[in-house]
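What follows is one structure encoded as structure tokens, with my remarks underneath.
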Amino acid sequence: MPLNPQLDDLSDYPFEALRTLLGRVVPRVNDAPIAMSLGEPQHQPPALLAETLAAHAQDWNKYPPMAGTPELRQAIVEWLTRRYRLGGGMLDPDRHVLSLAGTKEGLYLLASLVVPRRKGGGRPVVLVPNPYYLVYNGAATMAGADPVFLDATQSNGFMPDLAAIPRSVLERTALFYLCSPANPQGTVASLDYLKQAVALARLYDFVLAVDECYAEIYDGAPPPGALEACAALGDGFDRVLAFHSLSKRSSAAGLRSGFVAGDSRLIAQFAQLRSYGGCQVPLPVQAASTALWRDEAHVEENRARYRRKFDIAEAAIGGNFGFYRPQGGFFLWLDVGDGETATVRLWRDAAIRVLPGGYTARAAHGRDNPGRQYIRLAVVHDEATLTAAFARIRRVL
Ligand SMILES: Cc1ncc(COP(=O)(O)O)c(C=O)c1O
């Protein structure tokens with residue numbers, strides 16, 4: 001049966017590769033298994049979510065508006081304006097915001113919106129940070145672009161070096177996926193960095209998509225955002241889109257609710273494309289999302305709980321494995337020499353499942369896989385579980 005040949009270029013799904021690696025490994029200890037491989041929030045979302053869903057139970061029979069209800073878009077605009085100190089009136093709920101069924105589908109579909117057949121006299125390029133969230137690479141590949149991997153390593157502060165991207169690549173670039181706070185390294189792009197990325201997008205006529213789905217889980221100052229960078233540059237949101245989600249902010253990954261905001265021309269075309277291939281967000285979910293974007297108390301509590309988890313991590317393994325407190329997000333990116341070996345050892349001798357860093361990165365353009373020496377741990381469990389997990393990690397590694 002002939003299938004889309006582009007499928008052959010998709011890399012192994014990291015969790016499939018992990019299952020293969022650990023398939024025959026049986027833990028030798030009686031400890032309860034702890035899965036730190038998956039970035040799934042473990043906190044309960046606030047009661048507000050279930051209450052609002054229940055209060056809108058009469059709406060399940062209706063087809064929801066693709067772009068989001070006016071109430072949801074208004075709540076999002078108010079949140080963005082507060083969060084990124086945007087001038088009042090900069091964002092118009094009718095023109096700058098689109099509701100998404102979680103950011104994953106929007107990030108994926110974006111590539112088919114903005115990747116042309118050719119760009120700059122050659123095959124179009126999609127810039128992907130390396131390590132990366134696998135959707136960027138998958139979306140670029142399926143849209144027929146050449147993904148160009150920008151290594152984000154310790155030597156460049158775990159953020160792609162913008163100045164090192166060759167001009168010939170920038171001229172062919174149609175889309176740049178940037179993630180801040182970054183999964184997996186937790187690095188936050190500074191406002192200056194974001195401004196430079198926006199300026200590059202405008203100079204070389206490509207779309208900058210900034211995945212900010214971890215923006216509300218941070219250790220120190222709130223991470224700046226792409227729209228804030230646009231406001232600082234003062235030229236509107238031309239060529240820039242920011243993606244946000246309730247999955248992490250409100251521990252509501254199952255709700256499937258996020259949004260994209262920015263360039264009004266792109267948003268209008270995105271809305272059109274999504275009416276063919278996107279997922280509508282059900283009306284009760286839109287109502288619950290409206291309530292969640294309007295509430296900050298549960299977000300502050302959530303953030304404080306993550307900070308305590310990182311206190312536990314720091315007390316247990318600080319000073320080892322290149323430990324640093326991530327500026328944002330909820331992952332630890334630990335230098336263990338060889339990520340696969342450490343992963344097998346942790347599962348066999350401590351019943352702890354982690355992700356080898358190399359599975360979320362790739363060797364590209366003649367360079368080594370920049371994740372090979374790392375493991376990624378999701379620091380999401382309750383404090384007692386984490387205390388036990390880090391004690392086991394110390395024992396085994
Ligand atoms: C970097 C990054 N972007 C986007 C997503 C997708 O999140 P959602 O579709 O739940 O909004 C994830 C989920 O793990 C992620 O890690």
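Letters A, B, ... mark the chains of the structure tokens in the order given; residue numbers begin at 1 per chain; ligand numbers begin at 1, in order shown.
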Would you write out, as CSV, a table of all residues in chain A that have an atom no more than 7 Å from an atom of ligand 1, listing for each the closest atom pair and the distance in Å to one decimal, considering only C-alpha atoms and all ligand atoms and ordering rows by chain and rising residue number?
```
residue,atom,partner,partner_atom_place_in_ligand_line,distance
A:Gly39,CA,ligand 1,14 (O),5.9
A:Gly102,CA,ligand 1,11 (O),3.7
A:Thr103,CA,ligand 1,11 (O),3.8
A:Lys104,CA,ligand 1,9 (O),3.7
A:Glu105,CA,ligand 1,9 (O),6.5
A:Tyr133,CA,ligand 1,1 (C),5.1
A:Cys179,CA,ligand 1,1 (C),6.2
A:Ala182,CA,ligand 1,1 (C),6.6
A:Asn183,CA,ligand 1,1 (C),5.0
A:Asp211,CA,ligand 1,3 (N),5.9
A:Cys213,CA,ligand 1,3 (N),5.7
A:His244,CA,ligand 1,11 (O),6.9
A:Ser245,CA,ligand 1,11 (O),4.4
A:Leu246,CA,ligand 1,11 (O),6.5
A:Ser247,CA,ligand 1,10 (O),4.7
A:Ala253,CA,ligand 1,10 (O),5.1
A:Arg256,CA,ligand 1,10 (O),6.0
A:Ser257,CA,ligand 1,11 (O),6.4
A:Gly258,CA,ligand 1,11 (O),5.6
```
Within 10 Å of segment 193-202 of chain A using only C-alpha atoms, minus same-chain residues under 5 positions, as a VMD selection string: chain A and resid 159 to 163 170 173 to 176 178 180 188 207 to 210 224 to 233 237 to 240
Export of prior selection with N, CA, C and O atoms as a tab-separated table (two decimals), in the first residue's frame:
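Once written, result-v4.tsv looks like this:
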```tsv
chain	number	residue	atom	x	y	z
A	159	MET	N	20.77	27.43	24.30
A	159	MET	CA	19.85	28.13	23.38
A	159	MET	C	20.56	28.18	22.03
A	159	MET	O	21.77	28.46	21.99
A	160	PRO	N	19.86	27.93	20.92
A	160	PRO	CA	20.54	27.98	19.62
A	160	PRO	C	21.25	29.31	19.42
A	160	PRO	O	20.72	30.36	19.79
A	161	ASP	N	22.43	29.23	18.83
A	161	ASP	CA	23.22	30.43	18.57
A	161	ASP	C	22.72	31.07	17.27
A	161	ASP	O	23.00	30.58	16.17
A	162	LEU	N	22.00	32.17	17.40
A	162	LEU	CA	21.38	32.78	16.23
A	162	LEU	C	22.43	33.30	15.25
A	162	LEU	O	22.26	33.22	14.04
A	163	ALA	N	23.53	33.80	15.81
A	163	ALA	CA	24.57	34.39	14.95
A	163	ALA	C	25.28	33.33	14.12
A	163	ALA	O	25.94	33.66	13.13
A	170	LEU	N	19.38	30.81	6.31
A	170	LEU	CA	18.33	31.78	6.65
A	170	LEU	C	17.51	32.17	5.42
A	170	LEU	O	16.29	32.35	5.50
A	173	THR	N	14.93	29.69	4.90
A	173	THR	CA	14.10	29.36	6.06
A	173	THR	C	12.67	29.88	5.89
A	173	THR	O	12.45	31.05	5.56
A	174	ALA	N	11.72	28.97	6.12
A	174	ALA	CA	10.30	29.35	6.08
A	174	ALA	C	9.73	29.47	7.48
A	174	ALA	O	8.76	30.21	7.71
A	175	LEU	N	10.32	28.73	8.41
A	175	LEU	CA	9.75	28.65	9.76
A	175	LEU	C	10.86	28.33	10.75
A	175	LEU	O	11.75	27.53	10.46
A	176	PHE	N	10.78	28.97	11.91
A	176	PHE	CA	11.73	28.69	13.00
A	176	PHE	C	10.90	28.36	14.23
A	176	PHE	O	10.14	29.20	14.71
A	178	LEU	N	11.02	27.86	18.02
A	178	LEU	CA	11.87	28.13	19.17
A	178	LEU	C	11.06	27.77	20.41
A	178	LEU	O	9.84	27.98	20.43
A	180	SER	N	10.78	28.27	24.52
A	180	SER	CA	11.27	28.96	25.72
A	180	SER	C	10.13	29.11	26.73
A	180	SER	O	9.10	29.67	26.37
A	188	VAL	N	15.65	29.76	29.42
A	188	VAL	CA	14.71	30.81	29.03
A	188	VAL	C	15.42	31.76	28.07
A	188	VAL	O	16.52	32.23	28.36
A	207	VAL	N	8.63	32.73	9.34
A	207	VAL	CA	7.73	32.81	10.50
A	207	VAL	C	8.47	32.31	11.74
A	207	VAL	O	9.10	31.24	11.71
A	208	LEU	N	8.42	33.08	12.79
A	208	LEU	CA	9.00	32.67	14.07
A	208	LEU	C	7.86	32.16	14.95
A	208	LEU	O	6.94	32.92	15.28
A	209	ALA	N	7.92	30.88	15.31
A	209	ALA	CA	6.90	30.30	16.18
A	209	ALA	C	7.55	30.00	17.52
A	209	ALA	O	8.48	29.18	17.60
A	210	VAL	N	7.12	30.68	18.55
A	210	VAL	CA	7.75	30.46	19.85
A	210	VAL	C	6.79	29.64	20.72
A	210	VAL	O	5.67	30.06	21.00
A	224	PRO	N	10.35	36.09	29.64
A	224	PRO	CA	9.78	36.99	28.64
A	224	PRO	C	9.19	36.18	27.49
A	224	PRO	O	9.48	34.99	27.34
A	225	GLY	N	8.35	36.82	26.68
A	225	GLY	CA	7.71	36.09	25.59
A	225	GLY	C	7.88	36.79	24.25
A	225	GLY	O	8.33	37.94	24.17
A	226	ALA	N	7.52	36.07	23.19
A	226	ALA	CA	7.70	36.58	21.83
A	226	ALA	C	6.86	37.83	21.59
A	226	ALA	O	7.31	38.76	20.91
A	227	LEU	N	5.65	37.86	22.14
A	227	LEU	CA	4.81	39.03	21.89
A	227	LEU	C	5.38	40.26	22.62
A	227	LEU	O	5.29	41.39	22.13
A	228	GLU	N	5.98	39.99	23.77
A	228	GLU	CA	6.64	41.06	24.51
A	228	GLU	C	7.81	41.62	23.69
A	228	GLU	O	8.03	42.84	23.66
A	229	ALA	N	8.54	40.72	23.03
A	229	ALA	CA	9.65	41.16	22.18
A	229	ALA	C	9.12	42.02	21.04
A	229	ALA	O	9.72	43.05	20.69
A	230	CYS	N	7.98	41.61	20.47
A	230	CYS	CA	7.37	42.41	19.39
A	230	CYS	C	7.00	43.79	19.92
A	230	CYS	O	7.25	44.81	19.25
A	231	ALA	N	6.42	43.82	21.13
A	231	ALA	CA	6.01	45.10	21.70
A	231	ALA	C	7.24	46.00	21.89
A	231	ALA	O	7.21	47.19	21.60
A	232	ALA	N	8.35	45.39	22.34
A	232	ALA	CA	9.57	46.17	22.57
A	232	ALA	C	10.12	46.71	21.25
A	232	ALA	O	10.68	47.81	21.20
A	233	LEU	N	9.97	45.94	20.17
A	233	LEU	CA	10.47	46.40	18.87
A	233	LEU	C	9.54	47.42	18.23
A	233	LEU	O	9.95	48.21	17.39
A	237	PHE	N	2.98	42.50	15.31
A	237	PHE	CA	3.33	41.08	15.50
A	237	PHE	C	3.73	40.40	14.20
A	237	PHE	O	3.70	39.17	14.10
A	238	ASP	N	4.09	41.20	13.23
A	238	ASP	CA	4.45	40.70	11.91
A	238	ASP	C	5.36	39.46	11.98
A	238	ASP	O	6.45	39.52	12.56
A	239	ARG	N	4.93	38.35	11.37
A	239	ARG	CA	5.71	37.10	11.22
A	239	ARG	C	5.95	36.35	12.54
A	239	ARG	O	6.78	35.43	12.58
A	240	VAL	N	5.26	36.73	13.60
A	240	VAL	CA	5.54	36.10	14.90
A	240	VAL	C	4.27	35.46	15.47
A	240	VAL	O	3.19	36.07	15.44
```
Atomic distance atom CA of Gln6 of chain A - atom CA of Val169 of chain A, expressed in Å with one decimal: 21.2 Å
If we count only C-alpha atoms and set the cut-off at 7 Å, which residues sit around segment 277-293 of chain A, ignoring sequence neighbours fewer than 4 positions away in its own chain? Please answer as a PDB file with N, CA and C atoms, in the first residue's frame.
```
ATOM      1  N   LEU A  49     -12.088  23.961  37.138  1.00  0.00           N
ATOM      2  CA  LEU A  49     -12.170  23.294  35.838  1.00  0.00           C
ATOM      3  C   LEU A  49     -13.427  22.409  35.780  1.00  0.00           C
ATOM      4  N   THR A  52     -16.759  24.372  36.045  1.00  0.00           N
ATOM      5  CA  THR A  52     -17.162  25.117  34.838  1.00  0.00           C
ATOM      6  C   THR A  52     -17.625  24.152  33.743  1.00  0.00           C
ATOM      7  N   LEU A  53     -16.913  23.025  33.624  1.00  0.00           N
ATOM      8  CA  LEU A  53     -17.358  22.015  32.651  1.00  0.00           C
ATOM      9  C   LEU A  53     -18.787  21.587  32.955  1.00  0.00           C
ATOM     10  N   HIS A  56     -21.551  23.938  32.091  1.00  0.00           N
ATOM     11  CA  HIS A  56     -21.813  24.101  30.647  1.00  0.00           C
ATOM     12  C   HIS A  56     -22.185  22.777  29.991  1.00  0.00           C
ATOM     13  N   ALA A  57     -22.709  21.867  30.795  1.00  0.00           N
ATOM     14  CA  ALA A  57     -23.020  20.527  30.273  1.00  0.00           C
ATOM     15  C   ALA A  57     -24.077  20.571  29.177  1.00  0.00           C
ATOM     16  N   ASP A  59     -24.041  22.315  26.679  1.00  0.00           N
ATOM     17  CA  ASP A  59     -23.458  22.755  25.402  1.00  0.00           C
ATOM     18  C   ASP A  59     -22.779  21.640  24.604  1.00  0.00           C
ATOM     19  N   TRP A  60     -22.799  20.422  25.115  1.00  0.00           N
ATOM     20  CA  TRP A  60     -22.090  19.350  24.406  1.00  0.00           C
ATOM     21  C   TRP A  60     -22.730  19.053  23.052  1.00  0.00           C
ATOM     22  N   PRO A  64     -18.695  23.747  18.272  1.00  0.00           N
ATOM     23  CA  PRO A  64     -18.064  24.967  18.815  1.00  0.00           C
ATOM     24  C   PRO A  64     -17.425  25.820  17.714  1.00  0.00           C
ATOM     25  N   MET A  66     -14.586  27.455  15.703  1.00  0.00           N
ATOM     26  CA  MET A  66     -13.188  27.036  15.523  1.00  0.00           C
ATOM     27  C   MET A  66     -12.210  28.016  16.182  1.00  0.00           C
ATOM     28  N   GLY A  68     -12.597  29.898  18.709  1.00  0.00           N
ATOM     29  CA  GLY A  68     -12.782  30.120  20.140  1.00  0.00           C
ATOM     30  C   GLY A  68     -13.932  31.087  20.366  1.00  0.00           C
ATOM     31  N   GLU A  71     -15.675  35.074  24.511  1.00  0.00           N
ATOM     32  CA  GLU A  71     -15.273  35.150  25.939  1.00  0.00           C
ATOM     33  C   GLU A  71     -13.871  34.565  26.121  1.00  0.00           C
ATOM     34  N   LEU A  72     -13.630  33.413  25.483  1.00  0.00           N
ATOM     35  CA  LEU A  72     -12.311  32.783  25.626  1.00  0.00           C
ATOM     36  C   LEU A  72     -11.228  33.685  25.036  1.00  0.00           C
ATOM     37  N   ALA A  75     -10.563  36.569  27.315  1.00  0.00           N
ATOM     38  CA  ALA A  75      -9.803  36.179  28.518  1.00  0.00           C
ATOM     39  C   ALA A  75      -8.328  35.980  28.169  1.00  0.00           C
ATOM     40  N   ILE A  76      -8.078  35.402  27.000  1.00  0.00           N
ATOM     41  CA  ILE A  76      -6.685  35.163  26.568  1.00  0.00           C
ATOM     42  C   ILE A  76      -5.965  36.492  26.339  1.00  0.00           C
ATOM     43  N   TRP A  79      -5.167  38.031  29.597  1.00  0.00           N
ATOM     44  CA  TRP A  79      -4.062  37.342  30.252  1.00  0.00           C
ATOM     45  C   TRP A  79      -2.736  37.722  29.597  1.00  0.00           C
ATOM     46  N   LEU A 100      -6.787  26.550  20.320  1.00  0.00           N
ATOM     47  CA  LEU A 100      -6.242  25.284  19.818  1.00  0.00           C
ATOM     48  C   LEU A 100      -6.616  24.152  20.765  1.00  0.00           C
ATOM     49  N   ALA A 101      -6.712  22.963  20.210  1.00  0.00           N
ATOM     50  CA  ALA A 101      -6.968  21.790  21.056  1.00  0.00           C
ATOM     51  C   ALA A 101      -5.633  21.287  21.613  1.00  0.00           C
ATOM     52  N   LEU A 255      -7.334  18.274  29.220  1.00  0.00           N
ATOM     53  CA  LEU A 255      -8.380  19.191  28.726  1.00  0.00           C
ATOM     54  C   LEU A 255      -8.194  19.454  27.229  1.00  0.00           C
ATOM     55  N   SER A 257      -6.328  22.049  25.653  1.00  0.00           N
ATOM     56  CA  SER A 257      -6.677  23.439  25.395  1.00  0.00           C
ATOM     57  C   SER A 257      -5.439  24.326  25.400  1.00  0.00           C
ATOM     58  N   LEU A 273      -7.191  27.290   7.529  1.00  0.00           N
ATOM     59  CA  LEU A 273      -6.630  25.939   7.407  1.00  0.00           C
ATOM     60  C   LEU A 273      -7.198  25.018   8.474  1.00  0.00           C
TER      61      LEU A 273
END
```
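Every protein or nucleic acid residue with an atom no more than 8 Å from Arg123 of chain A, counting only C-alpha atoms and leaving out same-chain residues fewer than 4 positions away, appears here: Arg117, Arg118, Lys119, Ala145, Asp146 and Arg172 of chain A.
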Selection near Gly88 of chain A, 10 Å with only C-alpha atoms, sequence-local residues under 5 positions removed, as a list in words: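 Everything that qualifies: Val77, Glu78, Thr81 and Arg82 of chain A.
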Residue set, segment 52-201 of chain A restricted to strand (DSSP E or B), as a ChimeraX atom specification: /A:97-100,119,122,125-130,146-151,173-179
Grab the residues selected above and save them as an mmCIF file, in the first residue's frame with N, CA, C and O atoms.
```cif
data_model
loop_
_atom_site.group_PDB
_atom_site.id
_atom_site.type_symbol
_atom_site.label_atom_id
_atom_site.label_comp_id
_atom_site.auth_asym_id
_atom_site.auth_seq_id
_atom_site.Cartn_x
_atom_site.Cartn_y
_atom_site.Cartn_z
ATOM 1 N N VAL A 97 -5.867 36.094 17.968
ATOM 2 C CA VAL A 97 -5.880 34.899 18.824
ATOM 3 C C VAL A 97 -6.709 33.788 18.185
ATOM 4 O O VAL A 97 -7.764 34.042 17.613
ATOM 5 N N LEU A 98 -6.207 32.567 18.320
ATOM 6 C CA LEU A 98 -6.931 31.396 17.823
ATOM 7 C C LEU A 98 -6.852 30.295 18.878
ATOM 8 O O LEU A 98 -5.767 29.975 19.358
ATOM 9 N N SER A 99 -8.010 29.746 19.205
ATOM 10 C CA SER A 99 -8.045 28.655 20.182
ATOM 11 C C SER A 99 -7.497 27.373 19.537
ATOM 12 O O SER A 99 -7.687 27.146 18.343
ATOM 13 N N LEU A 100 -6.787 26.550 20.320
ATOM 14 C CA LEU A 100 -6.242 25.284 19.818
ATOM 15 C C LEU A 100 -6.616 24.152 20.765
ATOM 16 O O LEU A 100 -6.773 24.378 21.970
ATOM 17 N N LYS A 119 11.959 28.100 -1.344
ATOM 18 C CA LYS A 119 12.253 29.373 -0.675
ATOM 19 C C LYS A 119 13.729 29.695 -0.910
ATOM 20 O O LYS A 119 14.575 28.801 -0.766
ATOM 21 N N GLY A 122 15.782 27.337 -3.177
ATOM 22 C CA GLY A 122 16.026 25.918 -2.871
ATOM 23 C C GLY A 122 14.867 25.322 -2.087
ATOM 24 O O GLY A 122 13.794 25.925 -1.984
ATOM 25 N N VAL A 125 13.516 25.475 4.400
ATOM 26 C CA VAL A 125 14.133 24.989 5.641
ATOM 27 C C VAL A 125 13.217 25.322 6.816
ATOM 28 O O VAL A 125 12.581 26.375 6.839
ATOM 29 N N VAL A 126 13.133 24.403 7.763
ATOM 30 C CA VAL A 126 12.525 24.711 9.059
ATOM 31 C C VAL A 126 13.628 24.579 10.104
ATOM 32 O O VAL A 126 14.292 23.530 10.188
ATOM 33 N N LEU A 127 13.848 25.638 10.864
ATOM 34 C CA LEU A 127 14.875 25.616 11.906
ATOM 35 C C LEU A 127 14.294 24.970 13.163
ATOM 36 O O LEU A 127 13.205 25.332 13.614
ATOM 37 N N VAL A 128 15.047 24.008 13.690
ATOM 38 C CA VAL A 128 14.567 23.240 14.841
ATOM 39 C C VAL A 128 15.667 23.229 15.900
ATOM 40 O O VAL A 128 16.811 22.848 15.587
ATOM 41 N N PRO A 129 15.360 23.640 17.118
ATOM 42 C CA PRO A 129 16.405 23.538 18.151
ATOM 43 C C PRO A 129 16.725 22.064 18.394
ATOM 44 O O PRO A 129 15.866 21.205 18.209
ATOM 45 N N ASN A 130 17.926 21.789 18.791
ATOM 46 C CA ASN A 130 18.371 20.409 18.977
ATOM 47 C C ASN A 130 19.088 20.310 20.315
ATOM 48 O O ASN A 130 20.135 20.924 20.453
ATOM 49 N N ASP A 146 13.283 20.872 4.695
ATOM 50 C CA ASP A 146 14.506 20.304 5.273
ATOM 51 C C ASP A 146 14.617 20.828 6.696
ATOM 52 O O ASP A 146 14.809 22.044 6.879
ATOM 53 N N PRO A 147 14.508 19.970 7.708
ATOM 54 C CA PRO A 147 14.775 20.486 9.052
ATOM 55 C C PRO A 147 16.261 20.771 9.202
ATOM 56 O O PRO A 147 17.087 19.959 8.806
ATOM 57 N N VAL A 148 16.580 21.935 9.709
ATOM 58 C CA VAL A 148 17.979 22.236 10.035
ATOM 59 C C VAL A 148 18.054 22.345 11.552
ATOM 60 O O VAL A 148 17.320 23.127 12.164
ATOM 61 N N PHE A 149 18.909 21.505 12.145
ATOM 62 C CA PHE A 149 18.954 21.388 13.600
ATOM 63 C C PHE A 149 19.989 22.347 14.183
ATOM 64 O O PHE A 149 21.149 22.334 13.773
ATOM 65 N N LEU A 150 19.527 23.160 15.114
ATOM 66 C CA LEU A 150 20.403 24.144 15.754
ATOM 67 C C LEU A 150 20.747 23.621 17.149
ATOM 68 O O LEU A 150 19.890 23.613 18.044
ATOM 69 N N ASP A 151 21.969 23.158 17.314
ATOM 70 C CA ASP A 151 22.340 22.553 18.595
ATOM 71 C C ASP A 151 22.281 23.579 19.726
ATOM 72 O O ASP A 151 22.792 24.695 19.593
ATOM 73 N N THR A 173 14.930 29.686 4.898
ATOM 74 C CA THR A 173 14.096 29.365 6.058
ATOM 75 C C THR A 173 12.665 29.883 5.889
ATOM 76 O O THR A 173 12.454 31.050 5.559
ATOM 77 N N ALA A 174 11.718 28.974 6.122
ATOM 78 C CA ALA A 174 10.299 29.351 6.075
ATOM 79 C C ALA A 174 9.727 29.470 7.484
ATOM 80 O O ALA A 174 8.762 30.213 7.712
ATOM 81 N N LEU A 175 10.324 28.734 8.410
ATOM 82 C CA LEU A 175 9.750 28.654 9.761
ATOM 83 C C LEU A 175 10.859 28.331 10.748
ATOM 84 O O LEU A 175 11.748 27.528 10.457
ATOM 85 N N PHE A 176 10.781 28.968 11.905
ATOM 86 C CA PHE A 176 11.731 28.686 13.001
ATOM 87 C C PHE A 176 10.901 28.364 14.234
ATOM 88 O O PHE A 176 10.140 29.204 14.706
ATOM 89 N N TYR A 177 11.033 27.123 14.707
ATOM 90 C CA TYR A 177 10.402 26.748 15.977
ATOM 91 C C TYR A 177 11.407 27.024 17.100
ATOM 92 O O TYR A 177 12.498 26.440 17.124
ATOM 93 N N LEU A 178 11.017 27.863 18.015
ATOM 94 C CA LEU A 178 11.869 28.135 19.170
ATOM 95 C C LEU A 178 11.056 27.770 20.409
ATOM 96 O O LEU A 178 9.837 27.980 20.432
ATOM 97 N N CYS A 179 11.715 27.211 21.409
ATOM 98 C CA CYS A 179 10.985 26.784 22.605
ATOM 99 C C CYS A 179 11.591 27.487 23.819
ATOM 100 O O CYS A 179 12.780 27.346 24.089
#
```
Segment 146-357 of chain A: residues DSSP assigns to helix (DSSP H, G or I), reported as a PyMOL selection string: chain A and resi 154-156+162-164+167-172+191-203+226-233+246-249+253-255+264-277+283-294+297-317+339-350+357
Shell around segment 369-382 of chain A at 8 Å using only C-alpha atoms, local window under 2 positions removed, as a ChimeraX atom specification: /A:36-43,130-131,151-153,184,306,309-310,330-340,342-343,354-364,367,384-386
For atom CA of Leu10 of chain A and atom CA of Ala143 of chain A, the interatomic separation in Å (one decimal):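 Taking atom CA of Leu10 of chain A as the start and atom CA of Ala143 of chain A as the end point, the length is 11.5 Å.
Nearest residue to Ala391 of chain A among A:Tyr218, A:Arg348, A:Asp31, A:Met90 is A:Asp31, counting only C-alpha atoms.
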Distance of atom CA of His298 of chain A from atom CA of Arg249 of chain A, expressed in Å to one decimal place: 8.8 Å
